[in-house]
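Here is the structure we will look at, set down as structure tokens.
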Amino acid sequence: GAAEPMTLAECYQLALARSEELLIHQEQIREAEGRFLEALGTVMPTATFEWSRKRQDGNNASAFSLQDIPERKFVFTQPIFSGFKEFAALAASRAERRERLFERRRAEHLLFLDVVDAFSLVRQQREDLAALEAIRLALVERLDELAARQRLGRSRPSDRVSAEAQLRRVEAEMERIHRQESAARHLLEFLTGLPRIDGVAVDEMGEPMLEDEETYVQRASLRPDVQAEEEAWRIAKQEVVVAQSGLWPDVDVEGNYYTRRIGNASGVDWDVLLKVEVPIFKGSEVIGDIRTASAKARQARLRLEQARREAEREIRDAYSDVQSAIARQQALDRARRAA
């Protein structure tokens, strides 16, 4: 039998599973998680096992003239301080993951709008086709009636010609609507991944209840694209901290545990090295990095403000559109009842 008509909710669920854009965003989230693990690794201790064997020109007369010097050891390294660079990188990677999540959520919203547009266009064009088909059938009956009246001498030939011209215009309009319906249906099939959509069905919905316009405008900061820009600003601020870490000293501790040594060091099983590296002069490199990162942070802040203002404008525009649509529907309902 014929396939059941697809509802808007069903089409959207299929589009969510089908969209390559959302899959790309999902991989970007995994990429951000990987960078977080990389940043976490910079503050964690490291452990390695090293084996070495040194050959030199010697006579084996003393520990300094050995010809063969093998060594095996475990090396443990722990960063102590590096100007908060690692902690800033961790905070930035967490913010990046949140940014990717908000971007994916916004992509879901935009996909929903695409599905709604295609779905509504298919439904509208099919309703128009049905109305035009009813008009066409009425005109065909009218032509038959006029032909009979003309044979009886009760109608002029011009009346039949006028009705036939009107019929041809309706048929031409049906062809135009049919092409538009096919294009909209193909778009909906592309979004959902279905090979063919035979029909759409609209769930019964009551009249929307609108709150005050300012109530929606105040929620502009909760839109995913605005939240993504806010996370991007947080990332940029942490990059400033990373750049400033070039002015701070680096402190590391390294410990060695030897499993094999020969010569004078054969009785030493372990040692610990505390290393402090204080930057004295690196030209203008660090200052340049700080200024670049600071400029990027200011740009990110401006993009956040721009995104927030654009969200408020779009909310106001959408609110006006919904109000107009409700008023138009109410007017059409009154006209239908009057008719």
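Naming works like this for the structure tokens: A, B, ... for the chains as they're shown, residue 1 at the start of each chain, ligands 1 onward in shown order.
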
(request) Tell me which protein, DNA and RNA residues are within 7 Å of Ala39 in chain A, counting only C-alpha atoms, leaving out same-chain ones fewer than 4 positions away, and put them as an MDAnalysis selection string. (result) chainID A and resid 35 86 89:90

Selection above as a file: N, CA and C atoms, as a compact mmCIF listing (two decimals), in the first residue's frame:
# COMPACT_ATOMS: atom_id res chain seq x y z
N ARG A 35 42.54 17.19 22.61
CA ARG A 35 43.44 18.28 23.01
C ARG A 35 43.42 18.49 24.52
N GLU A 86 50.34 25.44 31.76
CA GLU A 86 49.61 24.19 31.63
C GLU A 86 48.17 24.33 32.11
N ALA A 89 46.19 26.13 29.55
CA ALA A 89 45.90 25.25 28.42
C ALA A 89 44.76 24.29 28.76
N LEU A 90 44.73 23.80 30.01
CA LEU A 90 43.63 22.94 30.43
C LEU A 90 42.30 23.68 30.39

Given only C-alpha atoms, how would the per-residue table for range 13-112 of chain A near range 258-269 of chain A read, listing every residue at most 6 Å away with its closest atom pair and distance in Å to one decimal, sorted by chain and number, as JSON lines?
{"residue": "A:Ala63", "atom": "CA", "partner": "A:Gly263", "partner_atom": "CA", "distance": 4.6}
{"residue": "A:Glu71", "atom": "CA", "partner": "A:Arg261", "partner_atom": "CA", "distance": 5.1}
{"residue": "A:Arg72", "atom": "CA", "partner": "A:Arg260", "partner_atom": "CA", "distance": 5.1}
{"residue": "A:Lys73", "atom": "CA", "partner": "A:Tyr258", "partner_atom": "CA", "distance": 4.0}

What would the file look like if the residues just selected were written as a PDB file, in the first residue's frame with all heavy atoms?
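Final file, selection_36.pdb:
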ATOM      1  N   ALA A  63      88.237   4.055  36.062  1.00  0.00           N
ATOM      2  CA  ALA A  63      86.819   4.215  35.760  1.00  0.00           C
ATOM      3  C   ALA A  63      86.578   5.222  34.651  1.00  0.00           C
ATOM      4  O   ALA A  63      85.536   5.199  34.009  1.00  0.00           O
ATOM      5  CB  ALA A  63      86.071   4.647  37.021  1.00  0.00           C
ATOM      6  N   GLU A  71      74.561   1.373  30.666  1.00  0.00           N
ATOM      7  CA  GLU A  71      73.759   1.993  31.736  1.00  0.00           C
ATOM      8  C   GLU A  71      72.279   1.736  31.465  1.00  0.00           C
ATOM      9  O   GLU A  71      71.809   1.857  30.337  1.00  0.00           O
ATOM     10  CB  GLU A  71      74.026   3.493  31.800  1.00  0.00           C
ATOM     11  CG  GLU A  71      73.290   4.192  32.950  1.00  0.00           C
ATOM     12  CD  GLU A  71      73.619   5.671  33.024  1.00  0.00           C
ATOM     13  OE1 GLU A  71      74.605   6.028  33.707  1.00  0.00           O
ATOM     14  OE2 GLU A  71      72.906   6.462  32.377  1.00  0.00           O
ATOM     15  N   ARG A  72      71.540   1.403  32.518  1.00  0.00           N
ATOM     16  CA  ARG A  72      70.086   1.233  32.456  1.00  0.00           C
ATOM     17  C   ARG A  72      69.476   1.984  33.626  1.00  0.00           C
ATOM     18  O   ARG A  72      69.974   1.903  34.757  1.00  0.00           O
ATOM     19  CB  ARG A  72      69.708  -0.250  32.532  1.00  0.00           C
ATOM     20  CG  ARG A  72      70.163  -1.076  31.332  1.00  0.00           C
ATOM     21  CD  ARG A  72      69.438  -2.427  31.290  1.00  0.00           C
ATOM     22  NE  ARG A  72      69.720  -3.215  32.478  1.00  0.00           N
ATOM     23  CZ  ARG A  72      70.670  -4.159  32.537  1.00  0.00           C
ATOM     24  NH1 ARG A  72      71.435  -4.398  31.477  1.00  0.00           N
ATOM     25  NH2 ARG A  72      70.853  -4.853  33.649  1.00  0.00           N
ATOM     26  N   LYS A  73      68.356   2.716  33.338  1.00  0.00           N
ATOM     27  CA  LYS A  73      67.766   3.510  34.431  1.00  0.00           C
ATOM     28  C   LYS A  73      66.305   3.842  34.118  1.00  0.00           C
ATOM     29  O   LYS A  73      65.871   3.875  32.964  1.00  0.00           O
ATOM     30  CB  LYS A  73      68.539   4.816  34.634  1.00  0.00           C
ATOM     31  CG  LYS A  73      68.497   5.761  33.442  1.00  0.00           C
ATOM     32  CD  LYS A  73      69.261   7.043  33.720  1.00  0.00           C
ATOM     33  CE  LYS A  73      69.268   7.966  32.498  1.00  0.00           C
ATOM     34  NZ  LYS A  73      69.995   9.223  32.764  1.00  0.00           N
TER      35      LYS A  73
END

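Among the candidate residues A:Glu312, A:Asp333, A:Glu229, A:Glu10, the one lying nearest to Tyr216 in chain A is A:Glu312, with distances computed using only C-alpha atoms.
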
(request) Please provide the set of residues having any atom within 8 Å of Gly193 in chain A, restricted to only C-alpha atoms, with same-chain residues fewer than 2 positions apart removed, written as a list in words. (result) Leu14, Ala15, Arg18, Glu189, Phe190, Leu191 and Pro195 of chain A

Generate a file of the selected residues that holds N, CA, C and O atoms, formatted as a short mmCIF file (atom, residue, chain, number, x, y, z; two decimals), in the first residue's frame.
data_model
loop_
_atom_site.label_atom_id
_atom_site.label_comp_id
_atom_site.auth_asym_id
_atom_site.auth_seq_id
_atom_site.Cartn_x
_atom_site.Cartn_y
_atom_site.Cartn_z
N LEU A 14 15.04 12.02 11.24
CA LEU A 14 15.81 11.42 10.15
C LEU A 14 16.94 12.34 9.71
O LEU A 14 18.05 11.90 9.43
N ALA A 15 16.66 13.65 9.66
CA ALA A 15 17.68 14.61 9.25
C ALA A 15 18.82 14.68 10.27
O ALA A 15 19.99 14.84 9.89
N ARG A 18 21.04 11.87 9.61
CA ARG A 18 21.61 11.85 8.26
C ARG A 18 22.64 12.96 8.04
O ARG A 18 23.53 12.82 7.20
N GLU A 189 13.93 15.18 0.82
CA GLU A 189 14.52 13.84 0.70
C GLU A 189 16.02 13.88 0.94
O GLU A 189 16.60 12.98 1.56
N PHE A 190 16.68 14.95 0.47
CA PHE A 190 18.12 15.10 0.70
C PHE A 190 18.42 15.26 2.19
O PHE A 190 19.36 14.66 2.72
N LEU A 191 17.61 16.06 2.88
CA LEU A 191 17.84 16.30 4.30
C LEU A 191 17.59 15.05 5.14
O LEU A 191 18.31 14.78 6.11
N PRO A 195 14.78 7.81 0.09
CA PRO A 195 14.79 7.80 -1.38
C PRO A 195 13.59 8.51 -1.98
O PRO A 195 13.67 9.09 -3.05
#

(request) as a VMD selection string, list the residues of range 111-304 of chain A assigned to alpha helix (DSSP H) by DSSP on the backbone atoms of this structure. (result) chain A and resid 111 to 151 157 to 192 213 to 217 224 to 244 285 to 304

Within 12 Å of range 127-139 of chain A, which residues of range 183-222 of chain A show up? Give each one with its shortest atom-to-atom distance in Å (one decimal) and the two atoms involved, counting only C-alpha atoms, rows by chain then rising residue number, as a tab-separated table.
residue	atom	partner	partner_atom	distance
A:Gly199	CA	A:Glu127	CA	11.3
A:Val200	CA	A:Glu127	CA	10.9
A:Ala201	CA	A:Glu127	CA	11.5

Which residues of range 70-185 of chain A have any atom within 12 Å of an atom in range 21-25 of chain A when counting only C-alpha atoms, and what is the closest pair of atoms for each, with the distance in Å to one decimal? Order the rows by chain and rising number and write it as CSV.
residue,atom,partner,partner_atom,distance
A:Arg97,CA,A:His25,CA,10.7
A:Arg98,CA,A:His25,CA,11.8
A:Glu99,CA,A:His25,CA,10.5
A:Arg100,CA,A:His25,CA,6.8
A:Leu101,CA,A:His25,CA,7.9
A:Phe102,CA,A:His25,CA,9.7
A:Glu103,CA,A:His25,CA,7.3
A:Arg104,CA,A:His25,CA,5.5
A:Arg105,CA,A:Leu22,CA,8.8
A:Arg106,CA,A:Leu22,CA,9.8
A:Ala107,CA,A:Leu22,CA,6.7
A:Glu108,CA,A:Leu22,CA,7.2
A:His109,CA,A:Leu22,CA,10.8
A:Leu110,CA,A:Leu22,CA,10.6
A:Leu111,CA,A:Leu22,CA,9.0
A:Phe112,CA,A:Leu22,CA,11.9

Can I get the selection written as a PDB file, in the first residue's frame, with C-alpha atoms?
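Below is the file again13.pdb, written as the result:
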ATOM      1  CA  ARG A  97      34.934  21.415  24.095  1.00  0.00           C
ATOM      2  CA  ARG A  98      32.017  23.491  25.367  1.00  0.00           C
ATOM      3  CA  GLU A  99      32.323  25.721  22.312  1.00  0.00           C
ATOM      4  CA  ARG A 100      32.093  22.699  19.994  1.00  0.00           C
ATOM      5  CA  LEU A 101      29.055  21.410  21.899  1.00  0.00           C
ATOM      6  CA  PHE A 102      27.283  24.760  21.498  1.00  0.00           C
ATOM      7  CA  GLU A 103      28.202  24.870  17.814  1.00  0.00           C
ATOM      8  CA  ARG A 104      26.694  21.427  17.318  1.00  0.00           C
ATOM      9  CA  ARG A 105      23.534  22.470  19.133  1.00  0.00           C
ATOM     10  CA  ARG A 106      23.251  25.543  16.924  1.00  0.00           C
ATOM     11  CA  ALA A 107      23.753  23.359  13.861  1.00  0.00           C
ATOM     12  CA  GLU A 108      20.826  21.248  15.055  1.00  0.00           C
ATOM     13  CA  HIS A 109      18.698  24.405  15.298  1.00  0.00           C
ATOM     14  CA  LEU A 110      19.638  25.501  11.786  1.00  0.00           C
ATOM     15  CA  LEU A 111      18.962  22.021  10.446  1.00  0.00           C
ATOM     16  CA  PHE A 112      15.520  22.149  12.043  1.00  0.00           C
TER      17      PHE A 112
END

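Of the listed residues A:Lys54, A:Arg30, A:Arg123, A:Arg223, the one whose atoms come nearest to Glu314 in chain A is A:Arg223, with distances taken using only C-alpha atoms.
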
(request) Go through A:Ala61, A:Leu37, A:Leu143, A:Ala327 one by one, measure the shortest atom-to-atom distance of each to Ser158 in chain A using only C-alpha atoms, and give the residue with the smallest value. (result)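 Counting only C-alpha atoms, the residue closest to Ser158 in chain A is A:Leu143.
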
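Close contacts of Glu285 in chain A, defined as residues with an atom at most 12 Å away when counting only C-alpha atoms, with chain neighbours fewer than 6 positions off set aside, comprise Ala243, Gln244, Gly246, Leu247, Pro279, Arg291 and Thr292 of chain A.
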
Atoms to include: C-alpha atoms. Write the selected residues as a short mmCIF file (atom, residue, chain, number, x, y, z; two decimals), in the first residue's frame.
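Wrote part-v8.cif, looks like this:
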data_model
loop_
_atom_site.label_atom_id
_atom_site.label_comp_id
_atom_site.auth_asym_id
_atom_site.auth_seq_id
_atom_site.Cartn_x
_atom_site.Cartn_y
_atom_site.Cartn_z
CA ALA A 243 51.80 33.85 26.16
CA GLN A 244 52.56 35.60 29.47
CA GLY A 246 57.12 33.14 28.69
CA LEU A 247 58.08 35.77 31.27
CA PRO A 279 64.30 33.71 31.17
CA ARG A 291 50.34 41.53 22.26
CA THR A 292 49.11 39.16 19.58
#

(message) When you look at Thr48 in chain A with a cut-off of 7 Å (counting only C-alpha atoms), what residues show up, excluding the ones that are within fewer than 5 positions of it in the same chain? I need them as a PyMOL selection string.
(response) chain A and resi 74-76
